Amino acid sequence: MIEAGHTVYVGARDARRGEEAATRLGARFVRLDVTDEQSVQAAAELVREDAGRLDVLVNNAGIVGAGKPVGEVTGSDMRTTYDTNVFGIVRVTHAFLPLLQVSSAPVVVNVSSGLGSLAATADPNRVEFHVMLLDYNSSKTALVMITTQYAKAYPAIRFNAVDPGYTATDLNGHRGVNSVEEGADIIVRMASIGADGPTGGFFDKSGPVVW
């Protein structure tokens, strides 16, 4: 996105790591903890004062969750996972909506997962079928539905969810088979669509995901 001429803001809870990443990329750092309403509001205010609008919002904050067998997951576990993976995305989207609405071609990309696809996780021939994570999987399913609801409520904004595939990141201990660049491809592609692009969909590198 930076190479395409965009001013990019990198949000992170950890100021040191966030600033290092922003410097490495040529982006601007914004401290952002999606579980903290004040942090989210402060980030939105910073962007408002700095740029006056936001053309693209990428919601990629996520935690893997408790990692427990299904029967051992508690309500507290679910709340913790959803606070980042679901409620956090709503907090951020709500805060930045006024800035998106003054853009000429606003886009929101929500990073979900193939593990959030009901079709994939119900198909014994898919690898997703064998990954049973009650809190994480269901949070990513919820994120797709949230995306569709925003898309219907705000037809002037392109809202889409994406599955970057099993990407080597801190989330999975870098065990993923895709590089960060490969995983980011669908995110960048959907972030770059115009006002006539799709909305309310779920996409991976091959196209629409059956979910």
# chains A, B, ... in the order shown; residues from 1 in each chain; ligands from 1
>>> closest_atom_pairs(of="region 10-80 of chain A", to="region 120-132 of chain A", cutoff="10 Å", atoms="only C-alpha atoms", output="JSON lines")
{"residue": "A:Gly67", "atom": "CA", "partner": "A:Met132", "partner_atom": "CA", "distance": 9.0}
{"residue": "A:Lys68", "atom": "CA", "partner": "A:Met132", "partner_atom": "CA", "distance": 9.0}
{"residue": "A:Pro69", "atom": "CA", "partner": "A:Met132", "partner_atom": "CA", "distance": 7.5}
{"residue": "A:Val70", "atom": "CA", "partner": "A:Met132", "partner_atom": "CA", "distance": 6.9}
>>> atom_distance(atom1="CA of Gln41 (chain A)", atom2="CA of Pro198 (chain A)")
28.5 Å
>>> select_by_dssp(residues="region 6-201 of chain A", states="helix (DSSP H, G or I)", output="PyMOL selection string")
chain A and resi 15-25+37-51+70-72+75-85+87-100+114-116+118-121+127-130+134-153+170-172+180-191
>>> closest_residue(among="A:Val30, A:Gly52, A:Ala156, A:Gly197", to="Ser104 (chain A)", atoms="only C-alpha atoms")
A:Ala156
>>> closest_atom_pairs(of="region 9-69 of chain A", to="region 73-85 of chain A", cutoff="9 Å", atoms="only C-alpha atoms", output="tab-separated table")
residue	atom	partner	partner_atom	distance
A:Asp33	CA	A:Thr84	CA	8.9
A:Val34	CA	A:Thr84	CA	6.3
A:Thr35	CA	A:Thr84	CA	5.8
A:Asn60	CA	A:Asn85	CA	8.6
A:Ala61	CA	A:Asn85	CA	6.6
A:Gly62	CA	A:Asn85	CA	5.0
A:Ile63	CA	A:Thr81	CA	6.5
A:Val64	CA	A:Thr81	CA	7.5
A:Gly65	CA	A:Thr81	CA	5.2
A:Ala66	CA	A:Asp77	CA	6.1
A:Gly67	CA	A:Val73	CA	8.4
A:Lys68	CA	A:Val73	CA	6.0
A:Pro69	CA	A:Val73	CA	6.7
>>> write_last_selection(atoms="all heavy atoms", output="PDB file, in the first residue's frame")
ATOM      1  N   ASP A  33      -4.836  -0.246  21.113  1.00  0.00           N
ATOM      2  CA  ASP A  33      -5.238  -1.487  21.779  1.00  0.00           C
ATOM      3  C   ASP A  33      -6.730  -1.638  21.531  1.00  0.00           C
ATOM      4  O   ASP A  33      -7.541  -0.875  22.076  1.00  0.00           O
ATOM      5  CB  ASP A  33      -4.942  -1.405  23.275  1.00  0.00           C
ATOM      6  CG  ASP A  33      -5.337  -2.668  24.038  1.00  0.00           C
ATOM      7  OD1 ASP A  33      -6.021  -3.543  23.447  1.00  0.00           O
ATOM      8  OD2 ASP A  33      -4.976  -2.784  25.227  1.00  0.00           O
ATOM      9  N   VAL A  34      -7.110  -2.600  20.708  1.00  0.00           N
ATOM     10  CA  VAL A  34      -8.512  -2.719  20.290  1.00  0.00           C
ATOM     11  C   VAL A  34      -9.436  -3.117  21.428  1.00  0.00           C
ATOM     12  O   VAL A  34     -10.663  -3.026  21.293  1.00  0.00           O
ATOM     13  CB  VAL A  34      -8.674  -3.705  19.112  1.00  0.00           C
ATOM     14  CG1 VAL A  34      -7.823  -3.276  17.919  1.00  0.00           C
ATOM     15  CG2 VAL A  34      -8.353  -5.134  19.527  1.00  0.00           C
ATOM     16  N   THR A  35      -8.871  -3.564  22.563  1.00  0.00           N
ATOM     17  CA  THR A  35      -9.702  -3.933  23.708  1.00  0.00           C
ATOM     18  C   THR A  35      -9.923  -2.743  24.647  1.00  0.00           C
ATOM     19  O   THR A  35     -10.615  -2.879  25.654  1.00  0.00           O
ATOM     20  CB  THR A  35      -9.075  -5.088  24.510  1.00  0.00           C
ATOM     21  OG1 THR A  35      -7.860  -4.642  25.138  1.00  0.00           O
ATOM     22  CG2 THR A  35      -8.788  -6.280  23.624  1.00  0.00           C
ATOM     23  N   ASN A  60      -7.022  -6.215  11.434  1.00  0.00           N
ATOM     24  CA  ASN A  60      -6.307  -7.488  11.453  1.00  0.00           C
ATOM     25  C   ASN A  60      -5.919  -7.935  12.855  1.00  0.00           C
ATOM     26  O   ASN A  60      -5.193  -8.917  13.018  1.00  0.00           O
ATOM     27  CB  ASN A  60      -5.051  -7.417  10.573  1.00  0.00           C
ATOM     28  CG  ASN A  60      -3.973  -6.515  11.157  1.00  0.00           C
ATOM     29  OD1 ASN A  60      -4.286  -5.578  11.896  1.00  0.00           O
ATOM     30  ND2 ASN A  60      -2.728  -6.795  10.830  1.00  0.00           N
ATOM     31  N   ALA A  61      -6.394  -7.226  13.893  1.00  0.00           N
ATOM     32  CA  ALA A  61      -6.081  -7.635  15.262  1.00  0.00           C
ATOM     33  C   ALA A  61      -6.745  -8.983  15.554  1.00  0.00           C
ATOM     34  O   ALA A  61      -7.905  -9.205  15.204  1.00  0.00           O
ATOM     35  CB  ALA A  61      -6.563  -6.586  16.251  1.00  0.00           C
ATOM     36  N   GLY A  62      -5.999  -9.874  16.178  1.00  0.00           N
ATOM     37  CA  GLY A  62      -6.578 -11.173  16.518  1.00  0.00           C
ATOM     38  C   GLY A  62      -5.695 -11.941  17.483  1.00  0.00           C
ATOM     39  O   GLY A  62      -4.474 -11.789  17.472  1.00  0.00           O
ATOM     40  N   ILE A  63      -6.326 -12.748  18.330  1.00  0.00           N
ATOM     41  CA  ILE A  63      -5.589 -13.653  19.207  1.00  0.00           C
ATOM     42  C   ILE A  63      -6.077 -15.065  18.949  1.00  0.00           C
ATOM     43  O   ILE A  63      -7.206 -15.284  18.506  1.00  0.00           O
ATOM     44  CB  ILE A  63      -5.759 -13.291  20.694  1.00  0.00           C
ATOM     45  CG1 ILE A  63      -7.235 -13.351  21.116  1.00  0.00           C
ATOM     46  CG2 ILE A  63      -5.183 -11.898  20.975  1.00  0.00           C
ATOM     47  CD1 ILE A  63      -7.442 -13.175  22.614  1.00  0.00           C
ATOM     48  N   VAL A  64      -5.210 -16.040  19.223  1.00  0.00           N
ATOM     49  CA  VAL A  64      -5.553 -17.434  18.931  1.00  0.00           C
ATOM     50  C   VAL A  64      -6.537 -18.009  19.937  1.00  0.00           C
ATOM     51  O   VAL A  64      -7.210 -18.998  19.666  1.00  0.00           O
ATOM     52  CB  VAL A  64      -4.276 -18.296  18.857  1.00  0.00           C
ATOM     53  CG1 VAL A  64      -3.685 -18.513  20.239  1.00  0.00           C
ATOM     54  CG2 VAL A  64      -4.539 -19.626  18.154  1.00  0.00           C
ATOM     55  N   GLY A  65      -6.641 -17.383  21.098  1.00  0.00           N
ATOM     56  CA  GLY A  65      -7.594 -17.848  22.097  1.00  0.00           C
ATOM     57  C   GLY A  65      -6.991 -18.824  23.082  1.00  0.00           C
ATOM     58  O   GLY A  65      -5.777 -18.953  23.213  1.00  0.00           O
ATOM     59  N   ALA A  66      -7.857 -19.531  23.796  1.00  0.00           N
ATOM     60  CA  ALA A  66      -7.431 -20.388  24.906  1.00  0.00           C
ATOM     61  C   ALA A  66      -6.664 -21.620  24.446  1.00  0.00           C
ATOM     62  O   ALA A  66      -5.831 -22.152  25.178  1.00  0.00           O
ATOM     63  CB  ALA A  66      -8.647 -20.809  25.726  1.00  0.00           C
ATOM     64  N   GLY A  67      -6.962 -22.102  23.241  1.00  0.00           N
ATOM     65  CA  GLY A  67      -6.290 -23.296  22.737  1.00  0.00           C
ATOM     66  C   GLY A  67      -6.638 -24.554  23.511  1.00  0.00           C
ATOM     67  O   GLY A  67      -5.855 -25.507  23.551  1.00  0.00           O
ATOM     68  N   LYS A  68      -7.801 -24.577  24.122  1.00  0.00           N
ATOM     69  CA  LYS A  68      -8.229 -25.720  24.936  1.00  0.00           C
ATOM     70  C   LYS A  68      -9.143 -26.657  24.148  1.00  0.00           C
ATOM     71  O   LYS A  68      -9.763 -26.250  23.159  1.00  0.00           O
ATOM     72  CB  LYS A  68      -9.006 -25.220  26.157  1.00  0.00           C
ATOM     73  CG  LYS A  68      -8.239 -24.360  27.123  1.00  0.00           C
ATOM     74  CD  LYS A  68      -9.161 -23.887  28.248  1.00  0.00           C
ATOM     75  CE  LYS A  68      -8.450 -23.019  29.261  1.00  0.00           C
ATOM     76  NZ  LYS A  68      -9.392 -22.522  30.312  1.00  0.00           N
ATOM     77  N   PRO A  69      -9.266 -27.933  24.591  1.00  0.00           N
ATOM     78  CA  PRO A  69     -10.291 -28.799  24.016  1.00  0.00           C
ATOM     79  C   PRO A  69     -11.654 -28.138  24.175  1.00  0.00           C
ATOM     80  O   PRO A  69     -11.890 -27.408  25.155  1.00  0.00           O
ATOM     81  CB  PRO A  69     -10.188 -30.071  24.863  1.00  0.00           C
ATOM     82  CG  PRO A  69      -8.778 -30.075  25.379  1.00  0.00           C
ATOM     83  CD  PRO A  69      -8.439 -28.625  25.603  1.00  0.00           C
TER      84      PRO A  69
END
>>> residues_around(residues="Pro98 (chain A)", least_positions_apart="4", cutoff="9 Å", atoms="only C-alpha atoms", output="ChimeraX atom specification")
/A:53-54,94,102
>>> closest_residue(among="A:Asn59, A:Ser139, A:Ser117, A:Thr199", to="Ile157 (chain A)", atoms="only C-alpha atoms")
A:Thr199
>>> atom_distance(atom1="CA of Arg24 (chain A)", atom2="CA of Val8 (chain A)")
12.2 Å
>>> select_by_dssp(residues="chain A", states="strand (DSSP E or B)", output="PyMOL selection string")
chain A and resi 9-12+28-31+56-59+107-111+158-162+167+178+201-204+207-208
>>> atom_distance(atom1="CA of Thr147 (chain A)", atom2="CA of Thr7 (chain A)")
24.2 Å
>>> residues_around(residues="region 140-146 of chain A", least_positions_apart="4", cutoff="8 Å", atoms="only C-alpha atoms", output="number ranges by chain")
A: 85-86, 110, 112-113, 115-118, 136, 150, 161, 202
